[in-house]
$ cat data.cif   # mmCIF, C-alpha atoms
data_model
#
loop_
_atom_site.label_atom_id
_atom_site.label_comp_id
_atom_site.auth_asym_id
_atom_site.auth_seq_id
_atom_site.Cartn_x
_atom_site.Cartn_y
_atom_site.Cartn_z
CA MET U 304 -20.51 -11.27 0.37
CA LYS U 305 -23.08 -9.18 2.16
CA VAL U 306 -21.25 -6.39 3.96
CA THR U 307 -22.86 -5.49 7.27
CA LYS U 308 -19.93 -3.72 8.91
CA SER U 309 -17.09 -1.65 7.48
CA ASP U 310 -14.75 0.82 9.14
CA ILE U 311 -11.42 2.43 8.48
CA THR U 312 -8.98 0.88 10.94
CA ILE U 313 -5.87 2.99 10.36
CA SER U 314 -3.94 4.98 7.80
CA ALA U 315 -0.37 3.71 7.96
CA VAL U 316 2.98 4.62 6.43
CA ALA U 317 5.18 2.01 8.14
CA PRO U 318 4.92 -1.65 9.23
CA LYS U 319 4.82 -0.75 12.93
CA GLN U 320 1.49 1.01 12.24
CA TYR U 321 -0.14 -1.90 10.37
CA PRO U 322 -3.06 -3.58 12.16
CA ASP U 323 -1.99 -6.68 14.07
CA GLU U 324 -5.30 -8.55 14.41
CA GLY U 325 -4.20 -11.12 11.82
CA TYR U 326 -7.04 -10.56 9.34
CA PRO U 327 -6.26 -11.43 5.71
CA GLU U 328 -5.72 -8.42 3.45
CA ILE U 329 -6.70 -7.63 -0.12
CA ALA U 330 -4.75 -4.64 -1.45
CA LEU U 331 -6.06 -2.23 -4.08
CA ALA U 332 -3.56 -0.71 -6.47
CA GLY U 333 -4.05 1.47 -9.52
CA ARG U 334 -3.41 4.78 -11.19
CA SER U 335 -4.43 7.94 -9.37
CA ASN U 336 -8.08 8.69 -10.10
CA VAL U 337 -8.82 5.29 -11.68
CA GLY U 338 -11.63 4.65 -9.20
CA LYS U 339 -10.19 2.61 -6.30
CA SER U 340 -12.20 4.49 -3.67
CA SER U 341 -15.39 4.30 -5.74
CA PHE U 342 -14.79 0.54 -6.12
CA ILE U 343 -14.43 0.11 -2.35
CA ASN U 344 -17.53 2.18 -1.63
CA LYS U 345 -19.65 0.23 -4.15
CA MET U 346 -18.40 -3.13 -2.85
CA ILE U 347 -19.28 -2.30 0.76
CA ASN U 348 -22.51 -0.38 -0.02
CA ARG U 349 -21.27 2.87 1.52
CA LYS U 350 -21.28 6.24 -0.19
CA ALA U 351 -18.11 7.71 1.30
CA LEU U 352 -16.18 5.42 3.63
CA ALA U 353 -13.30 5.57 1.17
CA ARG U 354 -12.92 9.21 0.20
CA THR U 355 -13.15 10.01 -3.48
CA SER U 356 -11.61 13.10 -4.99
CA SER U 357 -11.45 14.84 -8.34
CA LYS U 358 -7.82 15.66 -7.46
CA PRO U 359 -5.42 12.80 -8.24
CA GLY U 360 -2.83 11.80 -5.65
CA LYS U 361 -5.01 12.23 -2.54
CA THR U 362 -4.29 8.81 -1.02
CA GLN U 363 -0.83 9.11 0.50
CA THR U 364 -0.97 6.34 3.08
CA LEU U 365 -1.96 2.67 3.26
CA ASN U 366 -5.62 2.87 4.32
CA PHE U 367 -6.85 -0.28 6.07
CA TYR U 368 -10.64 -0.87 5.92
CA LEU U 369 -11.96 -3.69 8.11
CA ILE U 370 -14.82 -5.49 6.36
CA ASN U 371 -17.30 -7.59 8.41
CA GLU U 372 -14.49 -8.25 10.91
CA VAL U 373 -13.29 -10.84 8.36
CA PHE U 374 -10.64 -9.08 6.25
CA HIS U 375 -9.06 -5.73 5.35
CA PHE U 376 -9.22 -3.89 2.06
CA VAL U 377 -5.94 -1.96 1.88
CA ASP U 378 -6.08 1.09 -0.39
CA VAL U 379 -2.56 2.06 -1.47
CA PRO U 380 -1.44 5.38 -3.00
CA GLY U 381 -2.19 5.68 -6.69
CA TYR U 382 0.65 5.85 -9.18
CA GLY U 383 1.27 7.87 -12.31
CA TYR U 384 0.36 11.29 -10.93
CA ALA U 385 2.86 13.85 -12.23
CA LYS U 386 2.27 16.67 -9.72
CA VAL U 387 3.80 14.73 -6.84
CA SER U 388 7.46 15.50 -6.11
CA LYS U 389 10.13 12.97 -7.00
CA LYS U 390 10.99 12.70 -3.29
CA GLU U 391 7.35 11.90 -2.42
CA ARG U 392 7.13 9.32 -5.21
CA GLU U 393 10.31 7.64 -3.93
CA ALA U 394 8.92 7.55 -0.37
CA TRP U 395 5.66 6.01 -1.65
CA GLY U 396 7.69 3.51 -3.68
CA ARG U 397 9.60 2.37 -0.59
CA MET U 398 6.38 2.20 1.46
CA LEU U 399 4.66 0.09 -1.22
CA GLU U 400 7.64 -2.20 -1.78
CA THR U 401 7.86 -2.85 1.96
CA TYR U 402 4.15 -3.63 2.18
CA PHE U 403 3.94 -5.83 -0.93
CA SER U 404 7.17 -7.72 -0.26
CA GLU U 405 6.90 -8.28 3.50
CA ARG U 406 3.24 -8.34 4.57
CA GLU U 407 2.26 -11.91 5.41
CA ASN U 408 -1.45 -11.02 5.77
CA LEU U 409 -1.59 -9.89 2.12
CA LYS U 410 -3.45 -12.61 0.20
CA ALA U 411 -4.09 -10.93 -3.18
CA THR U 412 -4.04 -7.57 -4.90
CA ILE U 413 -6.79 -5.96 -6.93
CA LEU U 414 -5.22 -3.99 -9.76
CA VAL U 415 -7.77 -1.38 -10.82
CA VAL U 416 -7.55 -0.26 -14.46
CA ASP U 417 -9.83 1.81 -16.70
CA LEU U 418 -11.53 -0.56 -19.15
CA ARG U 419 -12.00 2.25 -21.69
CA HIS U 420 -8.25 2.63 -22.20
CA GLU U 421 -5.30 0.36 -22.84
CA PRO U 422 -3.40 -0.29 -19.59
CA THR U 423 -0.62 2.27 -19.17
CA LYS U 424 3.09 1.55 -18.78
CA ASP U 425 2.58 2.19 -15.07
CA ASP U 426 -0.23 -0.42 -14.97
CA ILE U 427 2.07 -2.92 -16.70
CA SER U 428 4.92 -2.12 -14.30
CA MET U 429 2.63 -2.56 -11.29
CA TYR U 430 1.35 -5.90 -12.59
CA GLU U 431 4.93 -7.09 -13.20
CA PHE U 432 5.94 -5.84 -9.73
CA LEU U 433 3.11 -7.83 -8.11
CA LYS U 434 3.98 -10.95 -10.10
CA HIS U 435 7.66 -10.55 -9.12
CA TYR U 436 6.50 -11.00 -5.52
CA GLU U 437 4.30 -13.93 -6.64
CA LEU U 438 1.10 -12.23 -5.53
CA PRO U 439 -2.24 -13.30 -7.00
CA VAL U 440 -3.84 -10.44 -8.94
CA ILE U 441 -7.49 -9.71 -9.66
CA VAL U 442 -7.72 -7.08 -12.38
CA VAL U 443 -10.82 -4.95 -11.89
CA ALA U 444 -11.56 -3.00 -15.05
CA THR U 445 -13.69 -0.02 -14.05
CA LYS U 446 -15.93 2.33 -16.05
CA LEU U 447 -17.75 -0.60 -17.65
CA ASP U 448 -20.89 1.54 -17.90
CA LYS U 449 -19.05 3.97 -20.22
CA LEU U 450 -18.66 1.34 -22.98
CA LYS U 451 -21.16 0.04 -25.51
CA LYS U 452 -21.96 -3.67 -25.05
CA SER U 453 -20.39 -4.40 -28.42
CA GLN U 454 -17.03 -2.97 -27.21
CA ILE U 455 -16.70 -4.82 -23.90
CA HIS U 456 -15.21 -8.13 -25.09
CA LYS U 457 -12.60 -6.35 -27.23
CA HIS U 458 -11.57 -4.08 -24.32
CA ILE U 459 -11.28 -7.01 -21.88
CA LYS U 460 -9.07 -8.86 -24.37
CA ARG U 461 -6.92 -5.73 -24.75
CA VAL U 462 -6.44 -5.53 -20.97
CA LYS U 463 -5.46 -9.23 -20.78
CA ASP U 464 -3.10 -8.98 -23.76
CA THR U 465 -1.45 -5.71 -22.69
CA LEU U 466 -0.81 -6.93 -19.14
CA GLN U 467 0.14 -10.41 -20.42
CA LEU U 468 -2.09 -11.82 -17.71
CA ASP U 469 -0.96 -15.02 -15.97
CA ALA U 470 -3.30 -18.00 -16.36
CA GLY U 471 -4.50 -17.83 -12.73
CA ASP U 472 -5.31 -14.11 -12.82
CA VAL U 473 -8.67 -12.74 -13.99
CA VAL U 474 -10.21 -9.55 -15.35
CA VAL U 475 -13.49 -8.47 -13.75
CA PRO U 476 -15.34 -5.78 -15.72
CA PHE U 477 -16.89 -3.41 -13.16
CA SER U 478 -19.08 -0.32 -12.86
CA SER U 479 -19.14 1.77 -9.69
CA GLU U 480 -22.19 3.52 -11.14
CA THR U 481 -24.41 0.48 -11.77
CA GLY U 482 -22.79 -2.17 -9.57
CA GLN U 483 -22.31 -4.47 -12.57
CA GLY U 484 -19.45 -6.88 -11.82
CA LYS U 485 -19.85 -6.60 -8.04
CA ASP U 486 -20.91 -10.23 -7.50
CA GLU U 487 -18.10 -11.52 -9.69
CA ALA U 488 -15.58 -9.31 -7.85
CA TRP U 489 -16.77 -10.73 -4.50
CA ARG U 490 -16.46 -14.31 -5.84
CA GLU U 491 -12.86 -13.63 -6.85
CA ILE U 492 -11.99 -11.92 -3.54
CA GLU U 493 -13.56 -14.70 -1.46
CA ARG U 494 -11.21 -17.26 -3.08
CA PHE U 495 -8.39 -15.65 -1.06
CA LEU U 496 -10.11 -15.26 2.30
#
$ encode --input "data.cif" --output "structure tokens"
Amino acid sequence: MKVTKSDITISAVAPKQYPDEGYPEIALAGRSNVGKSSFINKMINRKALARTSSKPGKTQTLNFYLINEVFHFVDVPGYGYAKVSKKEREAWGRMLETYFSERENLKATILVVDLRHEPTKDDISMYEFLKHYELPVIVVATKLDKLKKSQIHKHIKRVKDTLQLDAGDVVVPFSSETGQGKDEAWREIERFL
């Protein structure tokens, strides 16, 4: 997909704030600091529409980005960041459960993981949570450029095996630095639009 227009529509914490234009939505979930914002920016050819930060836990709302007036990317708060209070984590948990379980516009979720490392317990829990709600999942494995070519296949297999990926779900190796995997990611996203 060639992106010609992209804007943040709203940052929401409750269903009454969600956009109501009826566009399909593709959510992005992943650990804090795994590269969700960098993924969005690379996919839409913008340097800083989605804000990146060296501090984990910056995204605290559901951020809706309207792409080409065709669909929304929805960036959700990252998980696994220890410096957030238990009360805040519980509030995020309720917000995410409401969104993932009730949002009819949600067509698929991109689970962003770091290809260099085995998926964490939190990654596994998130994948299982999404499958519990019968949501299609595209696993985007970032930091592809940090691996040697000879390591890539082994790391992709590890991601699939650790998450116990369903037959219909895929892993897309991706680099926000080089753009490698961008076309494949768009092909997978477009299946749900």
$ closest_residue --input "data.cif" --among "U:Leu418, U:Ile347, U:Val373, U:Leu438" --to "Asp486 (chain U)" --atoms "all atoms listed in the file"
U:Ile347
$ closest_atom_pairs --input "data.cif" --of "region 387-420 of chain U" --to "region 466-471 of chain U" --cutoff "12 Å" --atoms "all atoms listed in the file" --output "CSV"
residue,atom,partner,partner_atom,distance
U:Ala411,CA,U:Gly471,CA,11.8
U:Leu414,CA,U:Leu466,CA,10.8
U:Val416,CA,U:Leu466,CA,10.6
$ resolve_selection --input "data.cif" --expression "the PyMOL selection byres ((chain U and resi 439-453) around 6)" --output "list of chain:residue names"
U:Ala411, U:Thr412, U:Ile413, U:Leu414, U:Val415, U:Val416, U:Asp417, U:Leu418, U:Leu438, U:Gln454, U:Ile455, U:Asp472, U:Val473, U:Val474, U:Val475, U:Pro476, U:Phe477, U:Ser478
$ residues_around --input "data.cif" --residues "Leu331 (chain U)" --least-positions-apart "3" --cutoff "12 Å" --atoms "only C-alpha atoms" --output "PyMOL selection string"
chain U and resi 328+334-335+337-343+353+362+365-368+375-382+399+403+409-416+429-430+433+440-443+492
$ closest_residue --input "data.cif" --among "U:Glu405, U:Gln363, U:Ile329, U:Ile370" --to "Ile311 (chain U)" --atoms "all atoms listed in the file"
U:Ile370
$ closest_residue --input "data.cif" --among "U:Val462, U:Ser479, U:Ala394, U:Glu421" --to "Arg349 (chain U)" --atoms "all atoms listed in the file"
U:Ser479
$ closest_residue --input "data.cif" --among "U:Arg490, U:Asn348, U:Glu372, U:Thr465" --to "His420 (chain U)" --atoms "all atoms listed in the file"
U:Thr465
$ closest_residue --input "data.cif" --among "U:Thr364, U:Asn371, U:Ser404, U:Asn344" --to "His435 (chain U)" --atoms "all atoms listed in the file"
U:Ser404
$ atom_distance --input "data.cif" --atom1 "CA of Met304 (chain U)" --atom2 "CA of Ile427 (chain U)"
29.5 Å
